[in-house]
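**Q** Before I ask anything, here is the structure I am working with.
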Amino acid sequence: VGQPELYQAMAAYIRGASYQNVSSYELSKKYFEKTVSLLDSLKYESIKARAYIGLANNNKNTGDYPKAFSDLYKALKIYEKRDHKNGISSAYICMAQIYLQKNDIESTVERLKKALKILGDNKYNETYLIASHTLANVYGMEGDYKSALTIDEEGIRISDSINSPRNKTSFFDNKANCYMYSNQLDSAAYYFNECLKIDTAIGDRKQVADTYINLGTLNLLKKDFVTAEDYANKSISILKQINQKPDLMRAYAVLSDIYKTQGNYAKALE
């Protein structure tokens with residue numbers, strides 16, 4: 001690879017990451033694929049591996065799990081050859097997140113343990129924050145709210161110290177879910193609205209839609225069906241635009257529950 005190709009590849013990678021940050025997955029995919037195609041030399045494998053992780057995250061978000069795993073194994077092969085600890089951890093964390101979306105808790109925890117063991121005490125970075133947030137999600141799903149909230153507090157503190165609002169909002173989201181499912185609905189509403197402020201400011205449409213799903217659930221629990229339906233539909237509108245299938249499925253499930261609770265079974269079935 002000559003220098004011009006290297007600079008083109010780096011520029012393509014940055015564009016891919018920028019589009020991913022605002023949930024434009026198809027455009028992001030295009031630029032990550034361009035990065036990979038420009039880097040045919042072994043010398044720049046680490047940039048190629050980062051592009052594979054980026055592609056895997058896009059495919060995870062659009063629900064193409066086999067393709068996501070294929071990209072992750074390509075990244076892992078490069079990172080293991082170079083003993084790149086952060087990279088190896090990133091690949092395992094993305095795998096864990098896919099298993100979590102598939103509700104395979106055992107495989108999720110297995111991959112997270114691998115990632116956290118590799119990272120060790122190296123906590124003040126985004127890789128550790130993503131791993132610990134995923135673990136907090138697992139605890140929350142299993143009803144161990146105390147453990148989940150302990151991780152959330154640490155995550156918020158580290159996110160502030162490294163100035164990472166994107167990670168901070170993910171811990172707020174988990175905290176809100178813990179409060180919601182332990183019936184502390186006012187606290188849940190507060191943290192979901194904090195999430196909305198941050199995610200709207202950074203332009204993360206996927207996370208905005210995710211919070212709308214949560215607010216839909218929250219208002220369903222409050223028996224405020226009109227507000228709940230409004231949030232669910234707002235979420236569906238965004239998720240269709242960005243082709244985020246796993247969350248779209250969740251949004252439809254919430255909308256179905258809203259209709260079912262009101263006895264509108266025809267709408268729920270639809």
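The chains in the structure tokens are called A, B, ... from first to last as shown; in each chain the residues are counted from 1, and the ligands are counted from 1 in the order shown.
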Please provide as a count of residues only all residues within 8 Å of Ala96 of chain A, with the sequence filter that same-chain residues fewer than 6 positions apart are discarded (counting only C-alpha atoms).

**A** 7

**Q** Extract the full set of alpha helix (DSSP H) residues from segment 7-218 of chain A according to DSSP on the backbone, and format it as a ChimeraX atom specification.

**A** /A:7-21,25-38,45-61,65-82,85-101,105-119,126-141,145-161,165-181,185-202,205-218

**Q** Give me the residues within 12 Å of Leu255 of chain A as a PyMOL selection string, counting only C-alpha atoms and dropping any in the same chain fewer than 2 places off.

**A** chain A and resi 212-217+219-220+225-236+248-253+257-262+264-265+267-270
